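S.K.: Take this structure first; my questions come after.
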Amino acid sequence: MQRKRLEDMNLLDDFLFNAVMTFPGIGERFCRLLLQVVLGREIGRLRVVAQRAFGGRDEGFRGARLDVLAEEELMDVLADPSVFDIEPDNNGDVVSMKDLPKRVRFYHAIIDSRCLKKGEGFGKLKRVFVIFVCSYDPFDRGRMVYTIRNMCEEIPEMEYDDGLRTVFLNTKGDGAGVPEELVALLHFLEDTREVNAVNDVLRELLEMVRVVKDDGKVTVAYMKSFEIEQMWINKGIEQGISQGIAQGIEQGISQGIAQGIEQGISQGITQGITQGIEKGRSEERANTLREKARADRLERELRKLRRGRRDV
């Protein structure tokens, strides 16, 4: 199985993105610099968790795995802290693009459901930003940035701030009306090379990426992730073969029963016809024999009657 080498990875590759975001002494600053460019404002200190898995309400409900979840920590109690979910996404197939808005809706719901403790009022809910960094255009409109928020249809200009924001970033957009720093960042995320580190922020990010790629523990983790992925693939193949055999046997039995019934009906009809004809012939022979015996008896009686007349 062909797999990209760690040194050739870009920041839109899940493994490298998560490794940088969680690397000790680097991850928090990297995430903060990235968010400041994307949102165009200062970001407070962050508590960053990569590959955060949220289970469903119980076994019957779906959970979600968020690539990078960062929670803003503000010293000012009157400030409005935010939670950021950052998702690099290279999967631009038609089905995934069609389902993307509902996928984002689910992510918002998952995050919100964990933001309030028992007894806390809804005013304590934090702002939630779900940010998708896409290597494709999710809406096929040519834009580099799509910012989504809830609003009132009847009065679009009416303020309705529920604290939810979704930002779709398209690395292949035309960049019209987008700040130069963000355009440069998106190109850098898609192609993480020195030639694309065109400003001080990107050069700092590039240096962080180099540190992570050169770290032996990261290399080992990458190799292990490959082995685990291959193990699950092999397990899936094995399970698929077993299920295929079981389904084949079950289907064979079903088809055999169906064919047996069909053949049985056909044979039954044939045998019924044959037996009916044979029975009809037997009854006909029996009737013929009975009629012959009766005729013979009558003939004997007539002979006796004639002899008696002659004797008189």
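Scheme for the structure tokens: letters A, B, ... for chains in order shown; per-chain residue numbers from 1; ligand numbers from 1 in order shown.
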At a cut-off of 10 Å, using only C-alpha atoms, what residues contact Tyr222 (chain A)? Leave out same-chain residues fewer than 6 positions from it and give the result as JSON, numbers by chain.
M.R.: {"A": [5, 6, 15, 16, 19, 216, 228]}
S.K.: Name all residues at most 9 Å from region 88-91 of chain A (count only C-alpha atoms; drop same-chain ones fewer than 2 positions away) and give them as number ranges by chain.
M.R.: A: 11-14, 17, 67, 86, 93, 96-97, 131-136
S.K.: Restrict the selected residues to N, CA and C atoms and save them as a tab-separated table (two decimals), in the first residue's frame.
M.R.:
```tsv
chain	number	residue	atom	x	y	z
A	11	LEU	N	0.19	20.51	5.44
A	11	LEU	CA	-0.63	20.70	6.64
A	11	LEU	C	-2.09	20.32	6.44
A	12	LEU	N	-2.51	20.06	5.21
A	12	LEU	CA	-3.86	19.55	5.01
A	12	LEU	C	-3.93	18.03	5.19
A	13	ASP	N	-2.78	17.40	5.37
A	13	ASP	CA	-2.77	15.97	5.71
A	13	ASP	C	-3.07	15.82	7.20
A	14	ASP	N	-4.07	15.02	7.50
A	14	ASP	CA	-4.56	14.90	8.88
A	14	ASP	C	-3.46	14.64	9.89
A	17	PHE	N	-1.13	17.70	10.47
A	17	PHE	CA	-1.89	18.79	11.09
A	17	PHE	C	-2.11	18.53	12.58
A	67	ASP	N	-11.11	16.73	14.52
A	67	ASP	CA	-9.67	16.72	14.28
A	67	ASP	C	-8.92	17.55	15.31
A	86	ILE	N	-11.32	22.75	14.17
A	86	ILE	CA	-10.62	22.97	12.91
A	86	ILE	C	-10.45	21.64	12.19
A	93	ASP	N	-15.32	14.32	-2.63
A	93	ASP	CA	-16.23	13.54	-3.48
A	93	ASP	C	-17.64	14.11	-3.38
A	96	SER	N	-19.75	13.47	-0.10
A	96	SER	CA	-19.25	14.21	1.06
A	96	SER	C	-19.60	15.69	0.97
A	97	MET	N	-19.49	16.27	-0.23
A	97	MET	CA	-19.82	17.68	-0.40
A	97	MET	C	-21.30	17.94	-0.17
A	131	ILE	N	-14.50	25.25	11.63
A	131	ILE	CA	-13.73	25.75	10.49
A	131	ILE	C	-13.25	24.58	9.64
A	132	PHE	N	-13.71	24.52	8.41
A	132	PHE	CA	-13.25	23.50	7.47
A	132	PHE	C	-12.25	24.12	6.50
A	133	VAL	N	-11.06	23.54	6.44
A	133	VAL	CA	-10.05	23.98	5.47
A	133	VAL	C	-10.06	22.96	4.34
A	134	CYS	N	-10.64	23.31	3.20
A	134	CYS	CA	-10.88	22.36	2.11
A	134	CYS	C	-9.90	22.56	0.96
A	135	SER	N	-9.48	21.45	0.38
A	135	SER	CA	-8.64	21.51	-0.83
A	135	SER	C	-9.52	21.49	-2.08
A	136	TYR	N	-10.79	21.76	-1.93
A	136	TYR	CA	-11.76	21.79	-3.01
A	136	TYR	C	-12.79	22.88	-2.70
```
S.K.: At a cut-off of 10 Å, can you tabulate as CSV every residue of region 141-204 of chain A near region 99-117 of chain A together with its closest atom pair and the distance in Å to one decimal, using only C-alpha atoms and ordering rows by chain then number?
M.R.:
```
residue,atom,partner,partner_atom,distance
A:Ile148,CA,A:Pro101,CA,9.9
A:Leu164,CA,A:His108,CA,7.7
A:Arg165,CA,A:His108,CA,9.0
A:Thr166,CA,A:Val104,CA,7.7
A:Val167,CA,A:Val104,CA,10.0
```
S.K.: Go ahead and save the residues from that selection, with N, CA, C and O atoms, as a PDB file, in the first residue's frame.
M.R.:
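Output contents, as saved in selection34.pdb:
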```pdb
ATOM      1  N   ILE A 148     -20.761  31.173   7.367  1.00  0.00           N
ATOM      2  CA  ILE A 148     -22.171  30.816   7.549  1.00  0.00           C
ATOM      3  C   ILE A 148     -22.616  31.178   8.961  1.00  0.00           C
ATOM      4  O   ILE A 148     -21.923  30.884   9.941  1.00  0.00           O
ATOM      5  N   LEU A 164     -23.068  30.843  16.959  1.00  0.00           N
ATOM      6  CA  LEU A 164     -22.597  29.788  16.060  1.00  0.00           C
ATOM      7  C   LEU A 164     -22.053  30.395  14.774  1.00  0.00           C
ATOM      8  O   LEU A 164     -22.695  31.247  14.155  1.00  0.00           O
ATOM      9  N   ARG A 165     -20.878  29.925  14.367  1.00  0.00           N
ATOM     10  CA  ARG A 165     -20.296  30.336  13.098  1.00  0.00           C
ATOM     11  C   ARG A 165     -19.667  29.109  12.425  1.00  0.00           C
ATOM     12  O   ARG A 165     -19.049  28.275  13.083  1.00  0.00           O
ATOM     13  N   THR A 166     -19.832  29.059  11.121  1.00  0.00           N
ATOM     14  CA  THR A 166     -19.142  28.036  10.333  1.00  0.00           C
ATOM     15  C   THR A 166     -18.365  28.745   9.246  1.00  0.00           C
ATOM     16  O   THR A 166     -18.894  29.625   8.561  1.00  0.00           O
ATOM     17  N   VAL A 167     -17.099  28.389   9.103  1.00  0.00           N
ATOM     18  CA  VAL A 167     -16.252  29.001   8.083  1.00  0.00           C
ATOM     19  C   VAL A 167     -15.692  27.896   7.192  1.00  0.00           C
ATOM     20  O   VAL A 167     -15.007  26.986   7.670  1.00  0.00           O
TER      21      VAL A 167
END
```
S.K.: Would you please work out which residue, of A:Met158, A:Glu153, A:Ser225, A:Leu169, is nearest to Phe139 (chain A) when using only C-alpha atoms?
M.R.: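 Once distances to Phe139 (chain A) are computed over only C-alpha atoms, the minimum belongs to A:Leu169.
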S.K.: Please return, as a PyMOL selection string, all residues of region 101-174 of chain A that DSSP assigns to helix (DSSP H, G or I) on the basis of the backbone.
M.R.: chain A and resi 101-113+122-124
S.K.: Residues of region 124-189 of chain A classed as strand (DSSP E) by DSSP on the backbone are to be reported as JSON, numbers by chain.
M.R.: {"A": [127, 128, 129, 130, 131, 132, 133, 134, 145, 146, 147, 148, 164, 165, 166, 167, 168, 169, 170]}
S.K.: So which one's closest to Arg29 (chain A), A:Arg3, A:Ile43, A:Phe84, A:Pro138? Using only C-alpha atoms, please.
M.R.: A:Ile43
S.K.: With only C-alpha atoms as the basis for distance, which of A:Leu185, A:Val178, A:Met223, A:Met144 is at the shortest distance from Leu205 (chain A)?
M.R.: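 Comparing A:Leu185, A:Val178, A:Met223, A:Met144 against Leu205 (chain A), the winner is A:Leu185.
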S.K.: May I have the residues within 10 Å of Asp174 (chain A) as a JSON list (two decimals) with all heavy atoms, in the first residue's frame, using only C-alpha atoms and disregarding those fewer than 3 positions away in the same chain?
M.R.:
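Once written, selection.json looks like this:
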```json
[["chain", "number", "residue", "atom", "x", "y", "z"],
["A", 141, "ARG", "N", -18.66, 27.86, -6.04],
["A", 141, "ARG", "CA", -18.94, 29.27, -6.36],
["A", 141, "ARG", "C", -17.66, 30.06, -6.59],
["A", 141, "ARG", "O", -17.71, 31.27, -6.82],
["A", 141, "ARG", "CB", -19.75, 29.92, -5.24],
["A", 141, "ARG", "CG", -21.12, 29.30, -4.98],
["A", 141, "ARG", "CD", -22.04, 29.43, -6.17],
["A", 141, "ARG", "NE", -23.36, 28.89, -5.92],
["A", 141, "ARG", "CZ", -24.38, 29.60, -5.52],
["A", 141, "ARG", "NH1", -24.24, 30.89, -5.29],
["A", 141, "ARG", "NH2", -25.57, 29.04, -5.33],
["A", 142, "GLY", "N", -16.51, 29.40, -6.50],
["A", 142, "GLY", "CA", -15.23, 30.06, -6.79],
["A", 142, "GLY", "C", -14.66, 30.89, -5.66],
["A", 142, "GLY", "O", -13.59, 31.49, -5.81],
["A", 143, "ARG", "N", -15.33, 30.95, -4.53],
["A", 143, "ARG", "CA", -14.86, 31.79, -3.42],
["A", 143, "ARG", "C", -13.82, 31.06, -2.58],
["A", 143, "ARG", "O", -13.79, 29.82, -2.54],
["A", 143, "ARG", "CB", -16.03, 32.22, -2.53],
["A", 143, "ARG", "CG", -17.06, 33.11, -3.24],
["A", 143, "ARG", "CD", -18.04, 33.69, -2.23],
["A", 143, "ARG", "NE", -17.37, 34.56, -1.27],
["A", 143, "ARG", "CZ", -17.14, 35.86, -1.46],
["A", 143, "ARG", "NH1", -17.50, 36.44, -2.59],
["A", 143, "ARG", "NH2", -16.53, 36.57, -0.54],
["A", 144, "MET", "N", -13.01, 31.82, -1.90],
["A", 144, "MET", "CA", -12.00, 31.26, -1.01],
["A", 144, "MET", "C", -12.54, 31.14, 0.42],
["A", 144, "MET", "O", -12.09, 30.29, 1.18],
["A", 144, "MET", "CB", -10.74, 32.13, -1.04],
["A", 144, "MET", "CG", -9.58, 31.58, -0.26],
["A", 144, "MET", "SD", -8.01, 32.41, -0.66],
["A", 144, "MET", "CE", -7.41, 31.41, -2.02],
["A", 145, "VAL", "N", -13.52, 31.99, 0.77],
["A", 145, "VAL", "CA", -14.08, 31.99, 2.12],
["A", 145, "VAL", "C", -15.60, 32.01, 2.04],
["A", 145, "VAL", "O", -16.18, 32.82, 1.31],
["A", 145, "VAL", "CB", -13.59, 33.21, 2.94],
["A", 145, "VAL", "CG1", -14.19, 33.16, 4.35],
["A", 145, "VAL", "CG2", -12.07, 33.26, 3.01],
["A", 170, "ASN", "N", -11.55, 27.58, 1.13],
["A", 170, "ASN", "CA", -11.25, 26.85, -0.10],
["A", 170, "ASN", "C", -9.88, 27.28, -0.61],
["A", 170, "ASN", "O", -9.70, 28.41, -1.06],
["A", 170, "ASN", "CB", -12.35, 27.15, -1.13],
["A", 170, "ASN", "CG", -11.99, 26.70, -2.53],
["A", 170, "ASN", "OD1", -11.20, 25.77, -2.70],
["A", 170, "ASN", "ND2", -12.56, 27.35, -3.53],
["A", 171, "THR", "N", -8.90, 26.38, -0.54],
["A", 171, "THR", "CA", -7.52, 26.72, -0.93],
["A", 171, "THR", "C", -7.41, 27.06, -2.41],
["A", 171, "THR", "O", -6.43, 27.67, -2.83],
["A", 171, "THR", "CB", -6.57, 25.56, -0.61],
["A", 171, "THR", "OG1", -6.99, 24.39, -1.34],
["A", 171, "THR", "CG2", -6.55, 25.25, 0.87],
["A", 177, "GLY", "N", -11.36, 39.84, -2.58],
["A", 177, "GLY", "CA", -11.90, 40.41, -1.35],
["A", 177, "GLY", "C", -11.39, 39.75, -0.08],
["A", 177, "GLY", "O", -11.87, 40.06, 1.01],
["A", 178, "VAL", "N", -10.44, 38.83, -0.19],
["A", 178, "VAL", "CA", -9.90, 38.12, 0.98],
["A", 178, "VAL", "C", -8.55, 38.74, 1.35],
["A", 178, "VAL", "O", -7.73, 39.04, 0.46],
["A", 178, "VAL", "CB", -9.72, 36.62, 0.65],
["A", 178, "VAL", "CG1", -9.13, 35.87, 1.85],
["A", 178, "VAL", "CG2", -11.05, 36.00, 0.24],
["A", 183, "VAL", "N", -5.02, 34.52, 2.18],
["A", 183, "VAL", "CA", -4.75, 33.86, 0.89],
["A", 183, "VAL", "C", -3.41, 33.12, 0.97],
["A", 183, "VAL", "O", -3.30, 31.95, 0.57],
["A", 183, "VAL", "CB", -4.71, 34.89, -0.26],
["A", 183, "VAL", "CG1", -4.28, 34.22, -1.57],
["A", 183, "VAL", "CG2", -6.08, 35.54, -0.44]]
```
